[in-house]
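For reference, the structure discussed in these notes is given below.
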Amino acid sequence: MLLPTDGSTATEQAVSHGLGLARTSDATVHALYVTDESEFSAVTDASAHEQLRFSVEKLGRRATTDIAETAAEFDLTAEHELRQGTPYEEIFDHVVEQNIDLVAMGTHGQAGVGPDLGSTTLRVVRNADVPVLTVRFREDIDIDVANYYEVYDDVLVATDGSDGSMVAAEQGIDIAEMYGATVHALYVVDTNTYAYEDVPRSIVGLLKESGNTALDEIAAMGRERGVEVETPIRRGRPSRELLNYVDENDVDLVTLGAHGRTSEVHLGSTTERVIRMSRQPTLSVQ
């Protein structure tokens, strides 16, 4: 599991969720800090440039060491590394070189008020070949990472019936099985796209049938793993319905495919909206 950090308090909540998943799955933890020299390339004085680089690397060394030491306290194998370059490119390289299975990253901003996903996090979510767990920084939560353990009791799996969303569903069921959680498999008929009142009943029926088929498949996967699965269907704008469902049912983790069937739920764009707006951690799966 890769935990990129920028050394800020805003990443601590992502670290806590990442370490919690690592503890549950007994994963090796990789803490990574990337020095982006483009941020201080305007400093032309050689002495000042070197001093700034030293300060940045000191911050990164302390941040990654703290993560590795906390992981070790949980009896996890942990490695930490500093790199130089473009952050998202170095993250991708690290994923390949170390056979990373999951990346956990923080996002910034207030849910519902134009939150900033962050350019690095956005690029990783859109392009990573492995699942990416994004965790919003919340000022109302004060976390001591070394003494905090996330528990997922309810996991939402969003589906549009596409192959990508079914792969995401498998990931959600995997996590639910580890935590003994309930899976909420949700299908949303997108009324924005189909102008619901003007669509022939036959087409609406096909959409619902497609949703029921996808939900039945997820429920069957859950039964095979001994995981309880609920299968609601809703109508409306997918991102809004997903977020409403999360709030109404105290969902702890949202799992979505990074790409979807654009003629139905627009899960690709929905994923990005949910990541930006959700107060709960979101796992996007390619």
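Within each chain, counting starts at residue 1; across the structure tokens, chains are named A, B, ... in the order shown, with ligands numbered 1 upward in that order.
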Query raised in the report: Which residues come within 8 Å of Ala14 of chain A, counting only C-alpha atoms, excluding same-chain residues fewer than 5 positions away, as a VMD selection string?
Result: chain A and resid 104 to 106 134 to 137
Saved selection, atoms kept: all heavy atoms, as a PDB file, in the first residue's frame:
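Below is the file that was written, out-v8.pdb:
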ATOM      1  N   ALA A 104      -3.397   5.421  -1.164  1.00  0.00           N
ATOM      2  CA  ALA A 104      -4.287   6.204  -0.308  1.00  0.00           C
ATOM      3  C   ALA A 104      -3.788   7.640  -0.266  1.00  0.00           C
ATOM      4  O   ALA A 104      -2.632   7.891   0.085  1.00  0.00           O
ATOM      5  CB  ALA A 104      -4.343   5.616   1.101  1.00  0.00           C
ATOM      6  N   MET A 105      -4.660   8.590  -0.629  1.00  0.00           N
ATOM      7  CA  MET A 105      -4.261   9.987  -0.724  1.00  0.00           C
ATOM      8  C   MET A 105      -5.308  10.890  -0.100  1.00  0.00           C
ATOM      9  O   MET A 105      -6.492  10.554  -0.056  1.00  0.00           O
ATOM     10  CB  MET A 105      -4.057  10.392  -2.189  1.00  0.00           C
ATOM     11  CG  MET A 105      -3.055   9.561  -2.943  1.00  0.00           C
ATOM     12  SD  MET A 105      -2.814  10.147  -4.640  1.00  0.00           S
ATOM     13  CE  MET A 105      -1.975  11.719  -4.339  1.00  0.00           C
ATOM     14  N   GLY A 106      -4.882  12.067   0.335  1.00  0.00           N
ATOM     15  CA  GLY A 106      -5.798  13.039   0.902  1.00  0.00           C
ATOM     16  C   GLY A 106      -6.271  14.036  -0.130  1.00  0.00           C
ATOM     17  O   GLY A 106      -5.625  14.267  -1.152  1.00  0.00           O
ATOM     18  N   THR A 134      -9.286   7.941  -1.745  1.00  0.00           N
ATOM     19  CA  THR A 134      -9.159   9.365  -1.470  1.00  0.00           C
ATOM     20  C   THR A 134      -9.934   9.687  -0.198  1.00  0.00           C
ATOM     21  O   THR A 134     -11.070   9.252  -0.020  1.00  0.00           O
ATOM     22  CB  THR A 134      -9.706  10.217  -2.630  1.00  0.00           C
ATOM     23  OG1 THR A 134     -11.029   9.801  -2.959  1.00  0.00           O
ATOM     24  CG2 THR A 134      -8.816  10.079  -3.851  1.00  0.00           C
ATOM     25  N   VAL A 135      -9.291  10.460   0.674  1.00  0.00           N
ATOM     26  CA  VAL A 135      -9.886  10.796   1.972  1.00  0.00           C
ATOM     27  C   VAL A 135      -9.868  12.307   2.136  1.00  0.00           C
ATOM     28  O   VAL A 135      -8.810  12.933   2.077  1.00  0.00           O
ATOM     29  CB  VAL A 135      -9.110  10.131   3.131  1.00  0.00           C
ATOM     30  CG1 VAL A 135      -9.756  10.481   4.467  1.00  0.00           C
ATOM     31  CG2 VAL A 135      -9.051   8.623   2.937  1.00  0.00           C
ATOM     32  N   ARG A 136     -11.051  12.885   2.322  1.00  0.00           N
ATOM     33  CA  ARG A 136     -11.150  14.327   2.499  1.00  0.00           C
ATOM     34  C   ARG A 136     -10.689  14.754   3.876  1.00  0.00           C
ATOM     35  O   ARG A 136     -11.028  14.137   4.883  1.00  0.00           O
ATOM     36  CB  ARG A 136     -12.602  14.782   2.296  1.00  0.00           C
ATOM     37  CG  ARG A 136     -12.796  16.270   2.565  1.00  0.00           C
ATOM     38  CD  ARG A 136     -14.078  16.779   1.971  1.00  0.00           C
ATOM     39  NE  ARG A 136     -14.190  16.395   0.566  1.00  0.00           N
ATOM     40  CZ  ARG A 136     -13.437  16.894  -0.410  1.00  0.00           C
ATOM     41  NH1 ARG A 136     -12.513  17.812  -0.134  1.00  0.00           N
ATOM     42  NH2 ARG A 136     -13.579  16.490  -1.648  1.00  0.00           N
ATOM     43  N   PHE A 137      -9.902  15.810   3.907  1.00  0.00           N
ATOM     44  CA  PHE A 137      -9.509  16.398   5.183  1.00  0.00           C
ATOM     45  C   PHE A 137     -10.710  17.073   5.821  1.00  0.00           C
ATOM     46  O   PHE A 137     -11.369  17.913   5.209  1.00  0.00           O
ATOM     47  CB  PHE A 137      -8.393  17.423   4.976  1.00  0.00           C
ATOM     48  CG  PHE A 137      -8.062  18.193   6.228  1.00  0.00           C
ATOM     49  CD1 PHE A 137      -7.529  17.555   7.324  1.00  0.00           C
ATOM     50  CD2 PHE A 137      -8.309  19.555   6.304  1.00  0.00           C
ATOM     51  CE1 PHE A 137      -7.232  18.252   8.486  1.00  0.00           C
ATOM     52  CE2 PHE A 137      -8.015  20.270   7.453  1.00  0.00           C
ATOM     53  CZ  PHE A 137      -7.468  19.619   8.546  1.00  0.00           C
TER      54      PHE A 137
END
Each residue of segment 75-185 of chain A with at least one atom at most 12 Å from segment 231-248 of chain A should appear once, together with its nearest atom pair and the corresponding distance in Å (one decimal); atoms considered: only C-alpha atoms; ordering: chain, then increasing residue number; output as JSON lines.
{"residue": "A:Ala111", "atom": "CA", "partner": "A:Leu243", "partner_atom": "CA", "distance": 10.7}
{"residue": "A:Gly112", "atom": "CA", "partner": "A:Leu243", "partner_atom": "CA", "distance": 10.4}
{"residue": "A:Asp154", "atom": "CA", "partner": "A:Val246", "partner_atom": "CA", "distance": 9.3}
{"residue": "A:Val155", "atom": "CA", "partner": "A:Val246", "partner_atom": "CA", "distance": 9.2}
{"residue": "A:Leu156", "atom": "CA", "partner": "A:Val246", "partner_atom": "CA", "distance": 7.4}
{"residue": "A:Val157", "atom": "CA", "partner": "A:Thr231", "partner_atom": "CA", "distance": 9.6}
{"residue": "A:Ala158", "atom": "CA", "partner": "A:Leu242", "partner_atom": "CA", "distance": 7.6}
{"residue": "A:Thr159", "atom": "CA", "partner": "A:Pro238", "partner_atom": "CA", "distance": 10.2}
{"residue": "A:Asp160", "atom": "CA", "partner": "A:Pro238", "partner_atom": "CA", "distance": 9.8}
{"residue": "A:Thr182", "atom": "CA", "partner": "A:Thr231", "partner_atom": "CA", "distance": 11.0}
{"residue": "A:Val183", "atom": "CA", "partner": "A:Thr231", "partner_atom": "CA", "distance": 8.5}
{"residue": "A:His184", "atom": "CA", "partner": "A:Thr231", "partner_atom": "CA", "distance": 6.1}
{"residue": "A:Ala185", "atom": "CA", "partner": "A:Thr231", "partner_atom": "CA", "distance": 4.9}
Query raised in the report: Hey, what's within 8 Å of segment 34-40 of chain A if we count only C-alpha atoms and toss same-chain stuff fewer than 2 positions away? As a ChimeraX atom specification, please?
Result: /A:6,32,42-43,49,52-53,56-57,60,82-87,90
Store the residues of this selection in a file with C-alpha atoms, as a short mmCIF file (atom, residue, chain, number, x, y, z; two decimals), in the first residue's frame.
data_model
loop_
_atom_site.label_atom_id
_atom_site.label_comp_id
_atom_site.auth_asym_id
_atom_site.auth_seq_id
_atom_site.Cartn_x
_atom_site.Cartn_y
_atom_site.Cartn_z
CA ASP A 6 3.18 16.18 1.60
CA LEU A 32 6.54 8.40 -0.21
CA ALA A 42 12.25 30.70 -9.28
CA VAL A 43 14.80 30.93 -6.46
CA HIS A 49 17.97 27.33 -3.38
CA LEU A 52 15.11 25.60 0.59
CA ARG A 53 15.77 22.14 -0.83
CA VAL A 56 11.77 20.57 2.02
CA GLU A 57 13.65 17.29 2.18
CA GLY A 60 9.62 14.90 3.72
CA LEU A 82 12.12 10.49 -0.78
CA ARG A 83 12.10 11.23 -4.50
CA GLN A 84 12.60 14.25 -6.72
CA GLY A 85 10.45 15.06 -9.72
CA THR A 86 6.84 15.62 -10.67
CA PRO A 87 4.74 14.14 -7.83
CA GLU A 90 6.90 9.61 -9.27
#
Query raised in the report: Pick from A:Ser55, A:Asn127, A:Thr64, A:Thr255: nearest to Val15 of chain A, with only C-alpha atoms counted?
Result: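 With only C-alpha atoms as the atom set, the closest residue is A:Thr64.
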